[in-house]
file entry-v8.pdb (PDB, C-alpha atoms)
ATOM      1  CA  MET B 520      11.545  15.359  12.256
ATOM      2  CA  THR B 521      12.282  19.069  12.273
ATOM      3  CA  GLU B 522       9.414  21.436  11.570
ATOM      4  CA  ILE B 523       9.834  23.547   8.406
ATOM      5  CA  ARG B 524       8.134  26.944   8.537
ATOM      6  CA  THR B 525       7.433  27.607   4.859
ATOM      7  CA  GLY B 526       7.930  31.216   3.751
ATOM      8  CA  ALA B 527       8.550  32.331   7.344
ATOM      9  CA  ILE B 528      10.866  35.142   6.200
ATOM     10  CA  THR B 529      12.009  36.720   2.971
ATOM     11  CA  LEU B 530      15.445  37.108   1.460
ATOM     12  CA  LYS B 531      15.422  40.182  -0.759
ATOM     13  CA  GLY B 532      11.690  39.672  -1.223
ATOM     14  CA  THR B 533      11.846  35.929  -1.949
ATOM     15  CA  PRO B 534       9.941  33.746   0.551
ATOM     16  CA  THR B 535      12.390  31.612   2.508
ATOM     17  CA  ASP B 536      11.821  28.616   4.764
ATOM     18  CA  LEU B 537      13.103  28.201   8.315
ATOM     19  CA  ALA B 538      13.764  24.907  10.097
ATOM     20  CA  GLY B 539      12.675  24.622  13.708
ATOM     21  CA  SER B 540       9.829  25.893  15.823
ATOM     22  CA  GLU B 541       9.275  29.584  16.461
ATOM     23  CA  LEU B 542      10.174  30.540  20.025
ATOM     24  CA  LYS B 543       7.903  32.788  22.079
ATOM     25  CA  ILE B 544       8.294  35.171  25.014
ATOM     26  CA  GLY B 545       8.049  33.113  28.205
ATOM     27  CA  ASP B 546       9.715  30.017  26.726
ATOM     28  CA  ALA B 547      12.853  28.661  28.353
ATOM     29  CA  ALA B 548      15.858  29.497  26.186
ATOM     30  CA  PRO B 549      17.066  26.313  24.493
ATOM     31  CA  ASP B 550      20.507  25.146  25.550
ATOM     32  CA  PHE B 551      23.193  25.240  22.887
ATOM     33  CA  LEU B 552      26.707  24.109  22.088
ATOM     34  CA  LEU B 553      28.572  26.651  19.975
ATOM     35  CA  GLN B 554      32.223  27.502  19.401
ATOM     36  CA  ASN B 555      33.897  30.822  20.231
ATOM     37  CA  ASN B 556      36.742  32.322  18.232
ATOM     38  CA  ALA B 557      39.295  30.664  20.558
ATOM     39  CA  LEU B 558      37.766  27.322  19.424
ATOM     40  CA  GLU B 559      36.297  26.687  22.884
ATOM     41  CA  ASP B 560      32.895  25.130  23.454
ATOM     42  CA  VAL B 561      30.307  27.570  24.785
ATOM     43  CA  MET B 562      26.909  26.658  26.188
ATOM     44  CA  LEU B 563      23.970  28.623  27.539
ATOM     45  CA  ARG B 564      25.139  27.877  31.099
ATOM     46  CA  THR B 565      28.482  29.549  30.312
ATOM     47  CA  PHE B 566      26.585  32.820  30.859
ATOM     48  CA  ALA B 567      24.569  31.744  33.928
ATOM     49  CA  GLY B 568      23.306  34.654  36.015
ATOM     50  CA  LYS B 569      23.556  37.165  33.158
ATOM     51  CA  THR B 570      20.971  38.601  30.842
ATOM     52  CA  LEU B 571      21.764  37.632  27.261
ATOM     53  CA  VAL B 572      21.047  39.408  24.025
ATOM     54  CA  ILE B 573      21.449  36.729  21.348
ATOM     55  CA  ALA B 574      21.589  38.136  17.832
ATOM     56  CA  THR B 575      21.596  35.592  15.016
ATOM     57  CA  VAL B 576      22.896  36.701  11.636
ATOM     58  CA  PRO B 577      23.655  35.007   8.288
ATOM     59  CA  SER B 578      27.296  36.200   8.107
ATOM     60  CA  LEU B 579      29.442  38.950   9.590
ATOM     61  CA  ASP B 580      30.713  39.566   6.057
ATOM     62  CA  THR B 581      27.400  40.949   4.797
ATOM     63  CA  PRO B 582      26.526  44.664   5.080
ATOM     64  CA  VAL B 583      23.535  44.489   7.463
ATOM     65  CA  CYS B 584      25.163  41.859   9.713
ATOM     66  CA  HIS B 585      28.317  43.975   9.815
ATOM     67  CA  LEU B 586      26.398  47.093  10.865
ATOM     68  CA  GLU B 587      24.208  45.186  13.336
ATOM     69  CA  THR B 588      27.192  43.644  15.119
ATOM     70  CA  LYS B 589      28.997  46.992  15.249
ATOM     71  CA  ARG B 590      25.889  48.643  16.731
ATOM     72  CA  PHE B 591      25.476  45.975  19.403
ATOM     73  CA  ASN B 592      29.190  46.284  20.182
ATOM     74  CA  GLU B 593      28.732  50.041  20.758
ATOM     75  CA  GLN B 594      25.754  49.438  23.083
ATOM     76  CA  ALA B 595      27.048  46.368  24.940
ATOM     77  CA  GLY B 596      29.245  48.242  27.413
ATOM     78  CA  SER B 597      26.292  50.202  28.787
ATOM     79  CA  LEU B 598      24.197  47.117  29.591
ATOM     80  CA  ALA B 599      24.480  46.085  33.250
ATOM     81  CA  ASN B 600      25.006  42.341  33.894
ATOM     82  CA  THR B 601      24.329  41.636  30.224
ATOM     83  CA  GLN B 602      26.295  39.820  27.559
ATOM     84  CA  VAL B 603      25.617  40.294  23.849
ATOM     85  CA  LEU B 604      26.197  37.196  21.717
ATOM     86  CA  VAL B 605      26.282  37.326  17.919
ATOM     87  CA  VAL B 606      25.819  33.877  16.394
ATOM     88  CA  SER B 607      26.448  32.975  12.758
ATOM     89  CA  THR B 608      27.653  29.973  10.796
ATOM     90  CA  ASP B 609      30.881  31.799   9.930
ATOM     91  CA  LEU B 610      33.955  29.832  10.965
ATOM     92  CA  PRO B 611      35.513  30.943  14.267
ATOM     93  CA  PHE B 612      38.680  31.978  12.389
ATOM     94  CA  GLY B 613      36.680  34.342  10.198
ATOM     95  CA  GLN B 614      34.812  35.728  13.216
ATOM     96  CA  LYS B 615      38.115  36.399  15.007
ATOM     97  CA  ARG B 616      39.579  38.102  11.926
ATOM     98  CA  TRP B 617      36.455  40.226  11.461
ATOM     99  CA  CYS B 618      36.302  41.271  15.141
ATOM    100  CA  GLY B 619      39.982  42.262  15.077
ATOM    101  CA  ALA B 620      39.631  44.242  11.854
ATOM    102  CA  GLU B 621      36.529  46.042  13.166
ATOM    103  CA  SER B 622      37.729  46.541  16.789
ATOM    104  CA  VAL B 623      34.733  44.601  18.091
ATOM    105  CA  GLU B 624      35.532  43.676  21.695
ATOM    106  CA  ASP B 625      32.297  44.030  23.686
ATOM    107  CA  VAL B 626      30.225  41.309  22.036
ATOM    108  CA  VAL B 627      31.007  37.607  21.930
ATOM    109  CA  THR B 628      30.847  36.046  18.480
ATOM    110  CA  LEU B 629      29.889  32.384  18.395
ATOM    111  CA  SER B 630      29.898  29.941  15.512
ATOM    112  CA  ALA B 631      27.164  27.404  14.777
ATOM    113  CA  HIS B 632      29.214  25.844  11.956
ATOM    114  CA  ARG B 633      29.535  22.380  13.520
ATOM    115  CA  SER B 634      25.840  21.538  13.771
ATOM    116  CA  SER B 635      22.393  22.657  12.712
ATOM    117  CA  ALA B 636      21.092  22.052  16.264
ATOM    118  CA  PHE B 637      21.317  25.692  17.409
ATOM    119  CA  GLY B 638      19.562  26.989  14.286
ATOM    120  CA  GLU B 639      16.799  24.417  14.591
ATOM    121  CA  SER B 640      16.234  24.857  18.340
ATOM    122  CA  TYR B 641      16.014  28.662  17.970
ATOM    123  CA  GLY B 642      13.962  28.384  14.747
ATOM    124  CA  VAL B 643      16.438  30.393  12.666
ATOM    125  CA  LEU B 644      18.052  27.796  10.363
ATOM    126  CA  ILE B 645      17.465  28.825   6.754
ATOM    127  CA  SER B 646      16.306  25.823   4.736
ATOM    128  CA  GLY B 647      16.953  26.079   0.994
ATOM    129  CA  GLY B 648      17.917  28.902  -1.326
ATOM    130  CA  PRO B 649      21.232  30.742  -1.548
ATOM    131  CA  PHE B 650      21.581  31.074   2.269
ATOM    132  CA  ASP B 651      20.771  27.392   2.942
ATOM    133  CA  GLN B 652      22.119  26.343   6.369
ATOM    134  CA  CYS B 653      22.887  29.948   7.405
ATOM    135  CA  LEU B 654      21.029  31.568  10.284
ATOM    136  CA  ALA B 655      18.210  34.047   9.767
ATOM    137  CA  ARG B 656      18.338  37.465  11.414
ATOM    138  CA  ALA B 657      16.690  37.339  14.830
ATOM    139  CA  ILE B 658      17.082  38.746  18.337
ATOM    140  CA  PHE B 659      16.423  36.850  21.556
ATOM    141  CA  VAL B 660      16.711  38.372  25.024
ATOM    142  CA  VAL B 661      17.146  35.809  27.796
ATOM    143  CA  ASN B 662      16.795  36.926  31.412
ATOM    144  CA  ASP B 663      19.117  35.728  34.177
ATOM    145  CA  ALA B 664      16.691  32.866  34.913
ATOM    146  CA  GLY B 665      16.981  31.532  31.340
ATOM    147  CA  ILE B 666      13.559  32.727  30.131
ATOM    148  CA  LEU B 667      12.970  34.543  26.837
ATOM    149  CA  THR B 668      11.739  38.083  27.490
ATOM    150  CA  HIS B 669      12.009  39.332  23.902
ATOM    151  CA  VAL B 670      11.854  37.501  20.565
ATOM    152  CA  GLU B 671      12.103  39.096  17.127
ATOM    153  CA  TYR B 672      12.366  37.129  13.904
ATOM    154  CA  VAL B 673      13.230  39.827  11.369
ATOM    155  CA  LYS B 674      10.819  39.257   8.469
ATOM    156  CA  GLU B 675      13.262  40.407   5.749
ATOM    157  CA  VAL B 676      16.824  39.105   6.140
ATOM    158  CA  ALA B 677      18.254  42.246   4.527
ATOM    159  CA  GLU B 678      16.632  44.559   7.121
ATOM    160  CA  HIS B 679      17.791  45.580  10.587
ATOM    161  CA  PRO B 680      16.146  44.353  13.788
ATOM    162  CA  ASP B 681      14.392  46.653  16.242
ATOM    163  CA  TYR B 682      17.482  47.544  18.304
ATOM    164  CA  ASP B 683      15.721  49.837  20.754
ATOM    165  CA  THR B 684      13.100  47.285  21.761
ATOM    166  CA  ALA B 685      15.680  44.509  22.191
ATOM    167  CA  LEU B 686      17.997  46.718  24.268
ATOM    168  CA  ALA B 687      15.083  47.921  26.411
ATOM    169  CA  ALA B 688      14.094  44.287  27.064
ATOM    170  CA  ALA B 689      17.646  43.580  28.214
ATOM    171  CA  GLN B 690      17.379  46.397  30.765
ATOM    172  CA  ASP B 691      14.069  45.193  32.296
TER     173      ASP B 691
END
call {"tool": "encode", "arguments": {"input": "entry-v8.pdb", "output": "structure tokens"}}
result
Amino acid sequence: MTEIRTGAITLKGTPTDLAGSELKIGDAAPDFLLQNNALEDVMLRTFAGKTLVIATVPSLDTPVCHLETKRFNEQAGSLANTQVLVVSTDLPFGQKRWCGAESVEDVVTLSAHRSSAFGESYGVLISGGPFDQCLARAIFVVNDAGILTHVEYVKEVAEHPDYDTALAAAQD
């Protein structure tokens, strides 16, 4: 049975539950099976040998997620041997449309719409409330050996993550 972390975050001040265990620095990054906007399967090993910045967001069509993805897109080109992934439960078609409309080309958007497994294994699956089954805002940095070197679960879904700390962790 999946662990439920009661009131782990807030959504506009309302305590919100998350399904899955909280990951910690030093943990191995959980494998995943997600879908890119070309409808191809993508797994953790797809990016073997690279540092990953994995940003989870509720939806690209919300203001903070929009700005966060645009900011990571602006920074992604300056990160050596690093790939930025933005994961949401938006359909791949919507992600492709959004990326085209916003000229986002330096991050890879991935969809977790087919299964709750990614959200549960990364501890970001919102359980209940208006964002039920969406992903909470979080940042994970995975080194080229597959180990988490930075983890941030943003306490308030409507707030931005600590970009500078996450990007610095990707450079280490």
call {"tool": "resolve_selection", "arguments": {"input": "entry-v8.pdb", "expression": "the PyMOL selection byres ((chain B and resi 572-581) around 8)", "output": "ChimeraX atom specification"}}
result
/B:570-571,582-585,588,601-609,614,617,643,650,653-661,685-686,689
call {"tool": "residues_around", "arguments": {"input": "entry-v8.pdb", "residues": "Thr529 of chain B", "least_positions_apart": "4", "cutoff": "9 Å", "atoms": "all atoms listed in the file", "output": "count of residues only"}}
result
8
call {"tool": "atom_distance", "arguments": {"input": "entry-v8.pdb", "atom1": "atom CA of Leu537 of chain B", "atom2": "atom CA of Tyr672 of chain B"}}
result
10.6 Å
call {"tool": "atom_distance", "arguments": {"input": "entry-v8.pdb", "atom1": "atom CA of Asn662 of chain B", "atom2": "atom CA of Leu542 of chain B"}}
result
14.6 Å
call {"tool": "resolve_selection", "arguments": {"input": "entry-v8.pdb", "expression": "the PyMOL selection byres ((chain B and resi 555-568) around 6)", "output": "list of chain:residue names"}}
result
B:Asp550, B:Phe551, B:Leu552, B:Leu553, B:Gln554, B:Lys569, B:Pro611, B:Lys615, B:Leu629, B:Asp663
call {"tool": "residues_around", "arguments": {"input": "entry-v8.pdb", "residues": "Gly619 of chain B", "least_positions_apart": "6", "cutoff": "12 Å", "atoms": "all atoms listed in the file", "output": "PyMOL selection string"}}
result
chain B and resi 556+589+612-613+625+628
call {"tool": "write_last_selection", "arguments": {"input": "entry-v8.pdb", "atoms": "C-alpha atoms", "output": "PDB file, in the coordinates of the input"}}
result
ATOM      1  CA  ASN B 556      36.742  32.322  18.232  1.00  0.00           C
ATOM      2  CA  LYS B 589      28.997  46.992  15.249  1.00  0.00           C
ATOM      3  CA  PHE B 612      38.680  31.978  12.389  1.00  0.00           C
ATOM      4  CA  GLY B 613      36.680  34.342  10.198  1.00  0.00           C
ATOM      5  CA  ASP B 625      32.297  44.030  23.686  1.00  0.00           C
ATOM      6  CA  THR B 628      30.847  36.046  18.480  1.00  0.00           C
TER       7      THR B 628
END
call {"tool": "closest_residue", "arguments": {"input": "entry-v8.pdb", "among": "B:Pro549, B:Pro649, B:Gly665, B:Gly532", "to": "Phe637 of chain B", "atoms": "all atoms listed in the file"}}
result
B:Pro549
call {"tool": "atom_distance", "arguments": {"input": "entry-v8.pdb", "atom1": "atom CA of Gly642 of chain B", "atom2": "atom CA of Ala595 of chain B"}}
result
24.5 Å
call {"tool": "decode", "arguments": {"input": "entry-v8.pdb", "residues": "segment 532-594 of chain B", "atoms": "C-alpha atoms", "output": "mmCIF file, in the first residue's frame"}}
result
data_model
loop_
_atom_site.group_PDB
_atom_site.id
_atom_site.type_symbol
_atom_site.label_atom_id
_atom_site.label_comp_id
_atom_site.auth_asym_id
_atom_site.auth_seq_id
_atom_site.Cartn_x
_atom_site.Cartn_y
_atom_site.Cartn_z
ATOM 1 C CA GLY B 532 -2.861 27.574 2.081
ATOM 2 C CA THR B 533 -4.965 24.396 2.277
ATOM 3 C CA PRO B 534 -3.094 21.333 3.606
ATOM 4 C CA THR B 535 -2.754 18.751 0.849
ATOM 5 C CA ASP B 536 -1.735 15.099 0.979
ATOM 6 C CA LEU B 537 0.965 13.443 -1.116
ATOM 7 C CA ALA B 538 1.147 9.759 -2.046
ATOM 8 C CA GLY B 539 4.528 8.075 -1.866
ATOM 9 C CA SER B 540 7.593 8.300 0.313
ATOM 10 C CA GLU B 541 9.696 11.442 0.526
ATOM 11 C CA LEU B 542 13.020 11.027 -1.263
ATOM 12 C CA LYS B 543 16.259 12.209 0.331
ATOM 13 C CA ILE B 544 19.686 13.324 -0.876
ATOM 14 C CA GLY B 545 21.815 10.204 -1.330
ATOM 15 C CA ASP B 546 18.915 7.989 -2.442
ATOM 16 C CA ALA B 547 19.089 6.288 -5.819
ATOM 17 C CA ALA B 548 16.738 8.038 -8.233
ATOM 18 C CA PRO B 549 13.725 5.797 -8.844
ATOM 19 C CA ASP B 550 13.386 4.502 -12.384
ATOM 20 C CA PHE B 551 10.389 5.737 -14.335
ATOM 21 C CA LEU B 552 8.390 5.180 -17.489
ATOM 22 C CA LEU B 553 7.011 8.427 -18.890
ATOM 23 C CA GLN B 554 5.929 9.624 -22.323
ATOM 24 C CA ASN B 555 7.519 12.468 -24.296
ATOM 25 C CA ASN B 556 5.607 14.760 -26.628
ATOM 26 C CA ALA B 557 6.433 12.485 -29.597
ATOM 27 C CA LEU B 558 4.528 9.742 -27.687
ATOM 28 C CA GLU B 559 7.736 7.771 -27.087
ATOM 29 C CA ASP B 560 8.485 5.936 -23.863
ATOM 30 C CA VAL B 561 11.229 7.551 -21.794
ATOM 31 C CA MET B 562 12.965 5.999 -18.808
ATOM 32 C CA LEU B 563 15.633 7.149 -16.382
ATOM 33 C CA ARG B 564 18.244 5.177 -18.356
ATOM 34 C CA THR B 565 17.358 7.197 -21.474
ATOM 35 C CA PHE B 566 19.548 9.914 -19.918
ATOM 36 C CA ALA B 567 22.373 7.653 -18.672
ATOM 37 C CA GLY B 568 25.646 9.489 -18.092
ATOM 38 C CA LYS B 569 23.986 12.901 -17.745
ATOM 39 C CA THR B 570 23.093 14.966 -14.737
ATOM 40 C CA LEU B 571 19.336 15.465 -14.582
ATOM 41 C CA VAL B 572 17.294 18.291 -13.172
ATOM 42 C CA ILE B 573 13.792 16.847 -12.783
ATOM 43 C CA ALA B 574 11.151 19.482 -12.117
ATOM 44 C CA THR B 575 7.672 18.194 -11.318
ATOM 45 C CA VAL B 576 4.758 20.565 -11.796
ATOM 46 C CA PRO B 577 0.941 20.303 -11.632
ATOM 47 C CA SER B 578 0.344 21.668 -15.167
ATOM 48 C CA LEU B 579 2.184 23.764 -17.732
ATOM 49 C CA ASP B 580 -1.046 25.735 -18.122
ATOM 50 C CA THR B 581 -0.839 27.313 -14.667
ATOM 51 C CA PRO B 582 1.034 30.594 -14.056
ATOM 52 C CA VAL B 583 3.825 29.374 -11.738
ATOM 53 C CA CYS B 584 4.440 26.180 -13.750
ATOM 54 C CA HIS B 585 4.563 28.265 -16.924
ATOM 55 C CA LEU B 586 7.150 30.649 -15.463
ATOM 56 C CA GLU B 587 9.168 27.837 -13.865
ATOM 57 C CA THR B 588 9.448 25.896 -17.123
ATOM 58 C CA LYS B 589 10.391 29.038 -19.054
ATOM 59 C CA ARG B 590 13.098 29.839 -16.482
ATOM 60 C CA PHE B 591 14.574 26.342 -16.619
ATOM 61 C CA ASN B 592 14.479 26.530 -20.420
ATOM 62 C CA GLU B 593 16.528 29.762 -20.287
ATOM 63 C CA GLN B 594 19.102 28.168 -17.948
#
